[in-house]
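Coordinates from protein.cif are shown below (mmCIF, C-alpha atoms).
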```
data_start
loop_
_atom_site.label_atom_id
_atom_site.label_comp_id
_atom_site.auth_asym_id
_atom_site.auth_seq_id
_atom_site.Cartn_x
_atom_site.Cartn_y
_atom_site.Cartn_z
CA MET A 1383 92.29 4.96 94.05
CA LYS A 1384 90.71 3.44 90.93
CA GLU A 1385 93.27 2.11 88.48
CA GLY A 1386 93.53 3.56 84.99
CA LYS A 1387 90.85 6.22 85.35
CA ALA A 1388 91.76 9.70 84.05
CA MET A 1389 91.95 12.37 86.70
CA ILE A 1390 92.86 15.90 87.58
CA GLU A 1391 95.83 16.07 89.94
CA ILE A 1392 96.29 19.05 92.23
CA LYS A 1393 99.47 19.33 94.26
CA ASP A 1394 100.16 22.00 96.88
CA LEU A 1395 97.88 24.61 95.37
CA ASN A 1396 97.79 27.74 97.48
CA ILE A 1397 94.36 29.34 97.51
CA PRO A 1398 94.65 33.04 98.33
CA TYR A 1399 92.18 34.96 100.54
CA VAL A 1400 91.15 31.75 102.39
CA ASP A 1401 94.72 30.71 103.19
CA LYS A 1402 94.43 27.07 102.16
CA LYS A 1403 96.87 24.65 100.59
CA ILE A 1404 95.12 21.98 98.58
CA SER A 1405 96.31 18.65 97.24
CA MET A 1406 93.78 16.27 95.73
CA ASN A 1407 93.12 13.85 92.91
CA ILE A 1408 89.76 14.18 91.18
CA LEU A 1409 88.75 11.08 89.25
CA LYS A 1410 86.84 11.41 85.99
CA GLU A 1411 83.42 10.72 87.48
CA TYR A 1412 80.70 12.65 89.30
CA ASN A 1413 82.40 14.80 91.95
CA LEU A 1414 80.73 17.12 94.42
CA PHE A 1415 82.50 19.99 96.21
CA THR A 1416 80.66 21.09 99.32
CA GLY A 1417 81.38 23.67 101.95
CA ASP A 1418 80.03 26.87 103.42
CA ASN A 1419 80.03 30.16 101.59
CA GLY A 1420 83.43 31.79 101.58
CA ASN A 1421 85.37 28.55 101.90
CA GLY A 1422 87.09 29.04 98.55
CA LYS A 1423 85.11 26.60 96.36
CA THR A 1424 84.79 29.04 93.46
CA LEU A 1425 88.44 30.08 93.77
CA LEU A 1426 89.45 26.43 93.58
CA LEU A 1427 87.27 25.99 90.48
CA ASP A 1428 88.90 29.05 88.88
CA TYR A 1429 92.25 27.29 89.23
CA ILE A 1430 91.02 23.88 88.11
CA SER A 1431 89.38 25.37 85.02
CA GLY A 1432 92.64 27.12 84.14
CA VAL A 1433 91.13 30.63 83.97
CA LYS A 1434 93.18 31.54 87.02
CA LYS A 1435 96.81 30.60 86.71
CA ALA A 1436 98.90 29.28 89.57
CA LYS A 1437 102.47 30.60 89.76
CA ARG A 1438 103.86 27.17 88.98
CA THR A 1439 102.21 24.19 87.41
CA VAL A 1440 100.47 22.37 90.22
CA ILE A 1441 97.41 21.12 88.32
CA LYS A 1442 97.55 18.38 85.72
CA GLY A 1443 94.86 16.81 83.54
CA ASN A 1444 92.70 19.93 83.23
CA GLU A 1445 93.24 20.65 79.54
CA SER A 1446 89.70 19.95 78.32
CA ILE A 1447 87.18 21.72 80.53
CA ILE A 1448 84.02 23.79 80.28
CA TYR A 1449 83.50 25.98 83.33
CA ILE A 1450 79.89 26.97 83.89
CA ASN A 1451 79.92 29.66 86.54
CA GLN A 1452 77.27 31.92 87.99
CA ASN A 1453 77.93 35.13 86.06
CA ILE A 1454 76.70 35.04 82.52
CA TYR A 1455 78.27 37.17 79.77
CA PHE A 1456 75.11 37.98 77.89
CA SER A 1457 72.53 40.61 77.07
CA ASP A 1458 68.88 40.37 78.07
CA ARG A 1459 67.94 41.78 74.66
CA LEU A 1460 69.33 38.81 72.71
CA SER A 1461 67.92 35.30 72.33
CA GLY A 1462 69.17 31.91 73.48
CA MET A 1463 69.90 31.13 69.83
CA ASP A 1464 72.32 34.09 69.76
CA PHE A 1465 74.15 32.64 72.76
CA LEU A 1466 74.16 29.17 71.20
CA LYS A 1467 75.69 30.44 67.93
CA PHE A 1468 78.18 32.59 69.86
CA SER A 1469 79.34 29.67 72.03
CA TYR A 1470 79.72 27.35 69.06
CA GLY A 1471 81.54 30.05 67.08
CA LEU A 1472 83.99 30.53 69.96
CA ASP A 1473 84.54 26.78 69.96
CA GLY A 1474 85.36 27.00 66.24
CA LYS A 1475 82.26 25.11 65.13
CA LYS A 1476 80.14 26.10 62.16
CA SER A 1477 77.26 23.72 62.89
CA ILE A 1478 75.07 23.59 66.00
CA GLN A 1479 74.03 20.00 65.32
CA SER A 1480 75.71 18.57 68.43
CA PHE A 1481 73.54 20.87 70.54
CA TYR A 1482 70.40 19.19 69.22
CA GLN A 1483 71.94 15.76 69.75
CA LEU A 1484 72.00 16.52 73.48
CA SER A 1485 68.83 18.63 73.74
CA ASP A 1486 66.72 16.01 71.92
CA LYS A 1487 67.43 13.65 74.82
CA ILE A 1488 66.04 16.16 77.31
CA LEU A 1489 63.21 18.05 75.62
CA LYS A 1490 61.01 17.95 72.53
CA ARG A 1491 62.54 19.81 69.57
CA GLU A 1492 59.68 22.33 69.39
CA ASP A 1493 60.00 23.12 73.11
CA ILE A 1494 63.71 23.75 72.89
CA ASP A 1495 63.27 25.87 69.75
CA LYS A 1496 60.66 27.94 71.60
CA LEU A 1497 63.12 28.54 74.44
CA LEU A 1498 65.93 29.42 72.01
CA LYS A 1499 63.79 31.98 70.20
CA LYS A 1500 62.69 33.80 73.34
CA GLN A 1501 64.42 37.00 74.36
CA TRP A 1502 66.84 36.09 77.17
CA GLY A 1503 65.40 38.69 79.53
CA MET A 1504 61.95 37.14 79.11
CA LEU A 1505 63.09 33.72 80.35
CA SER A 1506 62.64 32.82 84.02
CA GLY A 1507 65.72 32.42 86.21
CA GLY A 1508 65.41 28.62 86.06
CA GLU A 1509 64.93 28.60 82.28
CA LYS A 1510 68.03 30.74 81.85
CA LYS A 1511 70.19 28.48 84.03
CA PHE A 1512 68.88 25.37 82.31
CA LEU A 1513 69.40 26.69 78.79
CA TYR A 1514 72.81 28.10 79.66
CA ALA A 1515 73.94 24.73 81.08
CA LEU A 1516 72.41 22.80 78.17
CA ILE A 1517 74.20 24.93 75.55
CA LEU A 1518 77.56 24.77 77.30
CA MET A 1519 77.36 21.08 78.16
CA SER A 1520 76.63 20.25 74.54
CA LEU A 1521 80.17 21.42 73.71
CA GLU A 1522 82.48 18.44 73.57
CA ARG A 1523 84.90 18.35 76.52
CA GLU A 1524 86.32 15.77 78.91
CA TRP A 1525 85.30 17.69 82.02
CA TYR A 1526 82.40 19.95 82.99
CA ILE A 1527 82.54 22.20 86.03
CA LEU A 1528 79.22 23.49 87.33
CA ASP A 1529 79.35 26.16 90.01
CA GLU A 1530 76.05 26.22 91.95
CA PRO A 1531 73.89 25.17 88.99
CA PHE A 1532 70.81 24.44 91.09
CA ALA A 1533 70.62 27.71 93.01
CA PHE A 1534 67.17 29.33 92.51
CA VAL A 1535 66.12 26.59 90.05
CA ASP A 1536 62.67 24.97 90.37
CA LYS A 1537 62.15 21.19 90.68
CA LYS A 1538 61.24 20.70 87.03
CA ARG A 1539 64.39 22.38 85.71
CA LYS A 1540 66.52 20.70 88.38
CA LYS A 1541 65.36 17.32 87.08
CA MET A 1542 66.38 18.31 83.57
CA LEU A 1543 69.78 19.44 84.81
CA TYR A 1544 70.22 16.09 86.63
CA LYS A 1545 69.42 14.37 83.35
CA ILE A 1546 72.05 16.35 81.40
CA ILE A 1547 74.63 15.44 84.06
CA ASP A 1548 73.61 11.76 83.91
CA ILE A 1549 74.02 11.75 80.13
CA LYS A 1550 77.51 13.20 80.42
CA ILE A 1551 78.46 10.68 83.12
CA SER A 1552 77.21 7.86 80.88
CA GLU A 1553 79.48 9.25 78.13
CA ASP A 1554 82.40 8.82 80.56
CA LYS A 1555 82.90 12.54 81.14
CA GLY A 1556 84.04 14.05 84.43
CA ILE A 1557 81.75 16.35 86.41
CA ILE A 1558 82.73 18.72 89.20
CA LEU A 1559 79.77 20.32 90.87
CA THR A 1560 79.55 22.73 93.77
CA THR A 1561 76.62 23.39 96.01
CA HIS A 1562 76.20 24.74 99.50
CA GLU A 1563 72.73 23.28 99.95
CA GLU A 1564 71.94 19.67 100.82
CA ASP A 1565 70.41 17.95 97.81
CA GLU A 1566 69.33 14.33 98.32
CA VAL A 1567 69.27 13.48 94.59
CA VAL A 1568 72.76 14.84 94.03
CA LEU A 1569 74.15 13.16 97.14
CA LYS A 1570 72.76 9.81 95.98
CA SER A 1571 74.21 10.15 92.47
CA VAL A 1572 77.70 11.47 93.13
CA SER A 1573 80.76 9.22 93.18
CA LYS A 1574 82.79 11.34 95.56
CA VAL A 1575 82.20 14.27 97.89
CA PHE A 1576 85.02 16.70 98.67
CA GLU A 1577 84.59 18.95 101.68
CA ILE A 1578 86.37 22.22 100.88
CA MET B 457 91.00 32.12 65.36
CA PHE B 458 89.07 33.94 62.61
CA ILE B 459 85.81 32.13 63.51
CA SER B 460 86.12 33.06 67.19
CA VAL B 461 87.01 36.71 66.42
CA LYS B 462 83.99 36.88 64.10
CA SER B 463 81.79 35.31 66.81
CA TYR B 464 82.83 37.89 69.39
CA ALA B 465 82.32 40.73 66.94
CA LEU B 466 78.88 39.58 65.72
CA PHE B 467 77.69 38.87 69.24
CA ASN B 468 78.91 42.24 70.58
CA ILE B 469 77.54 44.27 67.69
CA LYS B 470 74.14 42.57 68.09
CA MET B 471 74.20 43.51 71.79
CA LEU B 472 75.17 47.11 70.96
CA LEU B 473 72.62 47.61 68.22
CA LYS B 474 69.74 46.13 70.22
CA ASP B 475 70.27 48.97 72.65
CA LYS B 476 70.03 52.24 70.69
CA ILE B 477 71.10 54.53 73.55
CA PRO B 478 74.89 53.92 73.25
CA LEU B 479 74.69 54.59 69.53
CA LEU B 480 72.71 57.81 69.96
CA TRP B 481 74.88 58.89 72.87
CA SER B 482 78.08 58.30 70.87
CA ILE B 483 77.04 60.95 68.34
CA ALA B 484 74.89 63.24 70.54
CA LEU B 485 77.67 65.51 71.77
CA PRO B 486 79.49 65.70 68.39
CA VAL B 487 76.20 66.55 66.66
CA ILE B 488 75.44 69.34 69.15
CA THR B 489 78.90 70.88 68.78
CA PHE B 490 78.72 70.42 65.00
CA PHE B 491 75.50 72.45 64.90
CA MET B 492 77.30 75.16 66.86
CA ASN B 493 80.32 75.22 64.53
CA TYR B 494 79.26 73.94 61.10
CA ARG B 495 79.48 77.36 59.40
CA SER B 496 83.24 77.36 59.91
CA VAL B 497 83.72 73.96 58.22
CA THR B 498 85.06 74.47 54.70
CA ASN B 499 86.26 71.02 53.61
CA GLU B 500 85.75 67.34 54.40
CA TRP B 501 88.94 66.84 56.44
CA GLU B 502 87.86 69.46 58.97
CA LEU B 503 85.31 66.96 60.22
CA ALA B 504 88.28 65.06 61.67
CA TYR B 505 87.81 66.77 65.07
CA TRP B 506 84.38 65.16 65.43
CA TRP B 507 85.37 61.81 63.93
CA VAL B 508 88.41 61.52 66.21
CA TYR B 509 86.25 62.17 69.28
CA ILE B 510 83.68 59.54 68.24
CA VAL B 511 86.29 56.91 67.39
CA VAL B 512 88.48 57.52 70.46
CA CYS B 513 85.39 57.17 72.70
CA SER B 514 84.44 53.89 70.98
CA TYR B 515 87.94 52.48 71.35
CA VAL B 516 88.55 53.57 74.95
CA TYR B 517 85.14 52.56 76.32
CA GLY B 518 84.45 49.65 73.96
CA VAL B 519 87.85 47.98 74.17
CA GLY B 520 89.85 48.95 77.28
CA VAL B 521 87.18 49.95 79.80
CA TYR B 522 84.79 47.23 78.55
CA ALA B 523 87.38 44.47 79.03
CA LEU B 524 88.16 45.79 82.52
CA GLN B 525 84.45 45.80 83.46
CA LEU B 526 83.87 42.26 82.20
CA LYS B 527 86.93 41.08 84.14
CA GLU B 528 85.57 42.64 87.31
CA TYR B 529 82.08 41.18 86.96
CA GLY B 530 83.62 37.72 86.49
CA SER B 531 81.52 37.16 83.38
CA LEU B 532 84.42 36.05 81.21
CA LYS B 533 85.30 32.85 83.08
CA THR B 534 82.95 30.60 81.12
CA ILE B 535 83.78 32.31 77.83
CA PHE B 536 87.51 31.82 78.37
CA SER B 537 86.96 28.18 79.29
CA ILE B 538 85.43 27.72 75.82
CA ASN B 539 88.24 29.57 74.09
CA ASN B 540 91.19 30.67 76.17
CA SER B 541 92.54 33.13 73.61
CA PRO B 542 93.14 36.68 74.85
CA TRP B 543 93.94 37.70 71.25
CA ALA B 544 90.58 36.48 69.95
CA PHE B 545 88.82 38.39 72.74
CA PHE B 546 90.78 41.59 72.05
CA LEU B 547 90.45 41.42 68.26
CA GLY B 548 86.74 40.56 68.55
CA ASN B 549 86.13 43.66 70.67
CA LEU B 550 88.29 45.77 68.39
CA LEU B 551 86.40 44.61 65.29
CA THR B 552 83.12 45.40 67.10
CA GLN B 553 84.27 48.94 67.80
CA ILE B 554 85.53 49.43 64.24
CA MET B 555 82.02 48.51 63.02
CA PHE B 556 80.36 50.64 65.70
CA SER B 557 82.59 53.64 64.87
CA PHE B 558 81.86 53.13 61.18
CA ILE B 559 78.11 53.36 61.84
CA SER B 560 78.46 56.33 64.21
CA VAL B 561 80.71 58.47 62.00
CA ASN B 562 78.52 57.82 58.97
CA LEU B 563 75.42 58.89 60.88
CA LEU B 564 77.25 62.14 61.54
CA ASN B 565 78.34 62.30 57.88
CA LEU B 566 74.68 62.06 56.82
CA ILE B 567 73.83 65.07 58.98
CA VAL B 568 76.86 66.93 57.57
CA VAL B 569 75.81 66.51 53.91
CA ILE B 570 72.33 67.77 54.75
CA LEU B 571 73.78 71.00 56.15
CA LEU B 572 76.89 71.54 54.02
CA PRO B 573 77.74 71.17 50.33
CA LEU B 574 80.37 68.48 50.97
CA SER B 575 80.92 65.15 49.21
CA PHE B 576 79.53 62.16 51.13
CA LEU B 577 81.98 59.87 49.33
CA ARG B 578 84.95 61.89 50.59
CA LEU B 579 83.47 62.08 54.08
CA PHE B 580 82.98 58.31 53.97
CA LEU B 581 86.57 57.69 52.87
CA TYR B 582 88.24 60.20 55.21
CA SER B 583 86.23 59.06 58.21
CA PHE B 584 87.29 55.49 57.47
CA ILE B 585 90.94 56.62 57.39
CA THR B 586 90.32 58.23 60.80
CA ILE B 587 88.98 54.92 62.18
CA ILE B 588 92.17 53.19 61.04
CA ALA B 589 94.46 56.00 62.22
CA CYS B 590 92.96 55.82 65.72
CA LEU B 591 93.63 52.06 66.11
CA PRO B 592 96.67 52.61 68.39
CA VAL B 593 94.26 54.22 70.89
CA ALA B 594 92.40 50.91 71.16
CA PHE B 595 95.64 49.03 71.79
CA PHE B 596 96.81 51.60 74.32
CA SER B 597 93.47 51.59 76.16
CA TYR B 598 93.89 47.86 76.79
CA ASN B 599 96.68 48.68 79.24
CA LEU B 600 93.86 49.64 81.61
CA THR B 601 93.31 45.93 82.19
CA LEU B 602 96.72 45.76 83.89
CA ILE B 603 95.76 48.29 86.55
CA LYS B 604 95.23 46.78 89.98
CA LYS B 605 93.43 48.21 93.02
CA VAL B 606 91.28 50.58 90.95
CA HIS B 607 87.61 49.87 90.30
CA ALA B 608 86.39 49.78 86.68
CA ASN B 609 83.70 52.36 87.49
CA THR B 610 86.38 54.74 88.76
CA ILE B 611 88.35 54.33 85.53
CA ASN B 612 85.14 54.85 83.55
CA SER B 613 84.37 58.10 85.41
CA ILE B 614 87.93 59.41 85.03
CA PHE B 615 87.88 58.82 81.27
CA THR B 616 84.40 60.34 80.91
CA MET B 617 85.64 63.56 82.49
CA LEU B 618 88.99 63.47 80.67
CA ILE B 619 87.67 62.85 77.16
CA PHE B 620 84.79 65.28 77.60
CA GLY B 621 87.26 67.94 78.82
CA LEU B 622 89.62 67.31 75.90
CA PHE B 623 86.73 67.55 73.43
CA ILE B 624 85.50 70.84 74.89
CA LEU B 625 89.10 72.10 74.79
CA LEU B 626 89.12 71.38 71.05
CA ASN B 627 86.53 74.12 70.56
CA THR B 628 88.86 76.72 72.01
CA ASN B 629 92.07 78.34 70.83
CA ILE B 630 93.85 77.82 74.14
CA GLU B 631 97.57 77.09 73.96
CA LEU B 632 96.91 73.91 75.99
CA ASN B 633 95.58 72.26 72.82
CA LYS B 634 99.22 71.65 71.85
CA TYR B 635 99.09 68.82 74.38
CA ASN B 636 95.54 67.68 73.67
CA PRO B 637 95.75 64.19 72.09
CA LEU B 638 92.43 64.71 70.27
CA SER B 639 93.77 67.95 68.76
CA ILE B 640 97.16 66.43 67.85
CA LEU B 641 95.53 63.43 66.15
CA SER B 642 92.97 65.59 64.32
CA ASN B 643 95.66 67.98 63.08
CA VAL B 644 97.82 65.14 61.77
CA LEU B 645 94.82 64.01 59.73
CA ILE B 646 93.75 67.49 58.59
CA GLU B 647 97.19 68.78 57.62
CA HIS B 648 98.75 65.37 56.75
CA LYS B 649 102.28 66.80 56.56
CA ASN B 650 104.77 64.06 55.72
CA MET B 651 106.92 64.63 58.80
CA ASP B 652 103.94 64.64 61.17
CA VAL B 653 102.50 61.52 59.59
CA PHE B 654 105.87 59.79 59.86
CA LYS B 655 106.16 60.75 63.56
CA TYR B 656 102.61 59.57 64.20
CA VAL B 657 103.11 56.23 62.47
CA THR B 658 106.37 55.64 64.36
CA PHE B 659 104.77 56.50 67.68
CA SER B 660 101.74 54.33 66.84
CA ILE B 661 103.91 51.30 66.09
CA PHE B 662 105.64 51.84 69.43
CA LEU B 663 102.27 52.14 71.25
CA VAL B 664 100.85 49.02 69.61
CA PHE B 665 104.01 47.09 70.35
CA ILE B 666 104.18 47.93 74.07
CA SER B 667 100.41 47.39 74.46
CA MET B 668 100.70 43.83 73.19
CA TYR B 669 101.96 42.91 76.64
CA SER B 670 98.54 43.75 78.12
CA ILE B 671 96.82 41.55 75.51
CA VAL B 672 99.07 38.55 76.05
CA LYS B 673 98.86 38.90 79.86
CA PHE B 674 95.07 39.38 79.92
CA GLU B 675 93.31 37.12 82.43
CA PRO B 676 89.53 36.86 82.73
CA ILE B 677 89.79 37.12 86.51
CA SER B 678 89.06 40.29 88.43
CA ASN B 679 91.91 42.36 89.84
CA GLU B 680 89.48 43.73 92.39
CA ARG B 681 87.25 40.84 93.47
CA ARG B 682 87.74 37.23 94.52
#
```
Written form, structure tokens:
Amino acid sequence: MKEGKAMIEIKDLNIPYVDKKISMNILKEYNLFTGDNGNGKTLLLDYISGVKKAKRTVIKGNESIIYINQNIYFSDRLSGMDFLKFSYGLDGKKSIQSFYQLSDKILKREDIDKLLKKQWGMLSGGEKKFLYALILMSLEREWYILDEPFAFVDKKRKKMLYKIIDIKISEDKGIILTTHEEDEVVLKSVSKVFEI
Amino acid sequence: MFISVKSYALFNIKMLLKDKIPLLWSIALPVITFFMNYRSVTNEWELAYWWVYIVVCSYVYGVGVYALQLKEYGSLKTIFSINNSPWAFFLGNLLTQIMFSFISVNLLNLIVVILLPLSFLRLFLYSFITIIACLPVAFFSYNLTLIKKVHANTINSIFTMLIFGLFILLNTNIELNKYNPLSILSNVLIEHKNMDVFKYVTFSIFLVFISMYSIVKFEPISNERR
């Protein structure tokens, strides 16, 4: 184990429905959770993110997390800008400046503004996933959990998502990512793979 | 907390107003029954029957049933990871429904002043009092989120039948109306007898207090799905 690196500690966590007991230490780096469908990856992420509470405290170090899961609380009639302002408002921020600090590293300002202005329902599946991840990963946290972020995303958007993750890793943030498909780029970049 | 409550409310009201059907539907039935009964309305408070129906529907569907549906779809996980405050979520939804009710009842009030020689200002004020008086319904409806092993769509259907039935019952003189919550609430507002108001306020405080448990215990995870 690397000395002095922050981590999330899980001890004897019982995962219901799949009948698993999990103990693991997740270092603050690029972590990949793999496993077949139905193996309990999402359930484990629910616990790690803190949205699902264990009966006793068995997870430590998970106080500052953004959990980007597959179901989006949003309306197709609104724009990406509405979601951006909503997310920042929930985070108690009045300015969306930190969003542009991240997005400027990925896309030209006029391109991102075009995406933000579009009605959400008019965006492609890949555009939605990309914009959703970009908005949420621009919020300042120590950890980012991404549950199947590359599913149904084209190569171009995947590359942009890789870039956002790389930026966060370079800022010394922890990433936990799940996927059930083999992805060469991800496998090359990750620091540790956990088979769930 | 104020910023997050405001964010929920603004976001929800934008979603609601972009889709006109819920707004039209919320006043469709009251407008139809108003057209059938408007000749018997003699003063502003008598509109309470219609206001109570509109506001109770907004609170039950927009606060309790809505929270239960979002839980089931799993769409609150990310939102709660940004701000893990069940109070902000509840108050945001409540504020949304207060605004939505305000718009709905005043649409009805506009129709009323076209047909009857009543004061819009009084209708505006009394309907606002109704929105406030019905607040305990919103708190109570949140207890639905504690129910396990029942699908949100089932709850939705049960309440659609129940509230519709209670509203239709209001138009009759059947003895059963003594137990009709819509009738009881409307009559407290129409007659505003001191003793009845006192009983209502006491009962409301009790309802709000016991319903706080469901707010504090709210989890964004489905009771029904993994």
Could you spell out the hits of the PyMOL selection byres ((chain A) within 7 of (chain B)) on the shown file, as a ChimeraX atom specification?
/A:1431,1433-1434,1447-1451,1453-1455,1457,1459-1460,1468,1471-1474
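When the PyMOL selection byres ((chain A and resi 1424) around 10) is evaluated against the file, it yields Phe1415, Asn1419, Gly1420, Asn1421, Gly1422, Lys1423, Leu1425, Leu1426, Leu1427, Asp1428, Tyr1429, Ile1430, Asn1451, Gln1452, Leu1528, Asp1529, Glu1530 and Thr1560 of chain A; Arg682 of chain B.
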Using the chain letters and residue numbers of this document, give as a PyMOL selection string the residues selected by the PyMOL selection byres ((chain B and resi 491-493) around 12).
chain B and resi 484-490+494-498+502-503+505-506+564+567-568+570-572+626-628
Would you work out the distance separating CA of Glu1577 (chain A) from CA of Val1535 (chain A), expressed in Å to one decimal?
23.1 Å
Show me the residues around (81.4, 57.2, 63.1) - criterion: an atom at most 12 Å away, all atoms listed in the file counted - as a compact mmCIF listing (two decimals) with C-alpha atoms, keeping the file's coordinate frame.
```
# COMPACT_ATOMS: atom_id res chain seq x y z
CA LEU B 479 74.69 54.59 69.53
CA LEU B 480 72.71 57.81 69.96
CA TRP B 481 74.88 58.89 72.87
CA SER B 482 78.08 58.30 70.87
CA ILE B 483 77.04 60.95 68.34
CA ALA B 484 74.89 63.24 70.54
CA PRO B 486 79.49 65.70 68.39
CA VAL B 487 76.20 66.55 66.66
CA LEU B 503 85.31 66.96 60.22
CA ALA B 504 88.28 65.06 61.67
CA TYR B 505 87.81 66.77 65.07
CA TRP B 506 84.38 65.16 65.43
CA TRP B 507 85.37 61.81 63.93
CA VAL B 508 88.41 61.52 66.21
CA TYR B 509 86.25 62.17 69.28
CA ILE B 510 83.68 59.54 68.24
CA VAL B 511 86.29 56.91 67.39
CA VAL B 512 88.48 57.52 70.46
CA CYS B 513 85.39 57.17 72.70
CA SER B 514 84.44 53.89 70.98
CA TYR B 515 87.94 52.48 71.35
CA GLN B 553 84.27 48.94 67.80
CA ILE B 554 85.53 49.43 64.24
CA MET B 555 82.02 48.51 63.02
CA PHE B 556 80.36 50.64 65.70
CA SER B 557 82.59 53.64 64.87
CA PHE B 558 81.86 53.13 61.18
CA ILE B 559 78.11 53.36 61.84
CA SER B 560 78.46 56.33 64.21
CA VAL B 561 80.71 58.47 62.00
CA ASN B 562 78.52 57.82 58.97
CA LEU B 563 75.42 58.89 60.88
CA LEU B 564 77.25 62.14 61.54
CA ASN B 565 78.34 62.30 57.88
CA LEU B 566 74.68 62.06 56.82
CA ILE B 567 73.83 65.07 58.98
CA LEU B 579 83.47 62.08 54.08
CA PHE B 580 82.98 58.31 53.97
CA LEU B 581 86.57 57.69 52.87
CA TYR B 582 88.24 60.20 55.21
CA SER B 583 86.23 59.06 58.21
CA PHE B 584 87.29 55.49 57.47
CA ILE B 585 90.94 56.62 57.39
CA THR B 586 90.32 58.23 60.80
CA ILE B 587 88.98 54.92 62.18
CA ILE B 588 92.17 53.19 61.04
CA CYS B 590 92.96 55.82 65.72
```
Identify, on the basis of only C-alpha atoms, every residue whose closest approach to Leu1466 (chain A) does not exceed 12 Å; exclude the query and any residue fewer than 3 positions from it along the same chain; express the result as a PyMOL selection string.
(chain A and resi 1456+1460-1463+1469-1473+1475-1482+1494-1495+1497-1499+1502+1513-1521) or (chain B and resi 463+467)
Please report the interatomic distance between CA of Asp1565 (chain A) and CA of Ala1533 (chain A) in Å with one decimal.
10.9 Å
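Among the candidates B:Asn612, B:Ser660, B:Ser639, B:Asn633, the one nearest to Val521 (chain B) when counting all atoms listed in the file is B:Asn612.
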Kindly reconstruct region 1388-1403 of chain A with N, CA and C atoms and present the result as a compact mmCIF listing (two decimals), in the frame of the given file.
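And here's out_10.txt as it stands now:
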```txt
# COMPACT_ATOMS: atom_id res chain seq x y z
N ALA A 1388 91.15 8.37 84.21
CA ALA A 1388 91.76 9.70 84.05
C ALA A 1388 91.37 10.57 85.24
N MET A 1389 92.26 11.50 85.56
CA MET A 1389 91.95 12.37 86.70
C MET A 1389 92.66 13.70 86.60
N ILE A 1390 92.20 14.60 87.44
CA ILE A 1390 92.86 15.90 87.58
C ILE A 1390 93.67 15.83 88.88
N GLU A 1391 94.96 16.13 88.77
CA GLU A 1391 95.83 16.07 89.94
C GLU A 1391 96.17 17.48 90.40
N ILE A 1392 95.94 17.74 91.66
CA ILE A 1392 96.29 19.05 92.23
C ILE A 1392 97.30 18.82 93.34
N LYS A 1393 98.43 19.54 93.24
CA LYS A 1393 99.47 19.33 94.26
C LYS A 1393 99.89 20.68 94.84
N ASP A 1394 99.72 20.80 96.13
CA ASP A 1394 100.16 22.00 96.88
C ASP A 1394 99.69 23.30 96.24
N LEU A 1395 98.42 23.38 95.94
CA LEU A 1395 97.88 24.61 95.37
C LEU A 1395 97.50 25.56 96.50
N ASN A 1396 98.12 26.73 96.47
CA ASN A 1396 97.79 27.74 97.48
C ASN A 1396 96.58 28.55 97.03
N ILE A 1397 95.54 28.56 97.85
CA ILE A 1397 94.36 29.34 97.51
C ILE A 1397 94.42 30.65 98.30
N PRO A 1398 94.55 31.77 97.60
CA PRO A 1398 94.65 33.04 98.33
C PRO A 1398 93.32 33.41 98.98
N TYR A 1399 93.34 34.40 99.80
CA TYR A 1399 92.18 34.96 100.54
C TYR A 1399 91.63 34.01 101.61
N VAL A 1400 91.67 32.67 101.37
CA VAL A 1400 91.15 31.75 102.39
C VAL A 1400 92.29 30.99 103.08
N ASP A 1401 93.52 31.27 102.59
CA ASP A 1401 94.72 30.71 103.19
C ASP A 1401 94.65 29.19 103.32
N LYS A 1402 94.48 28.52 102.17
CA LYS A 1402 94.43 27.07 102.16
C LYS A 1402 95.45 26.51 101.18
N LYS A 1403 95.99 25.36 101.53
CA LYS A 1403 96.87 24.65 100.59
C LYS A 1403 96.17 23.35 100.24
```
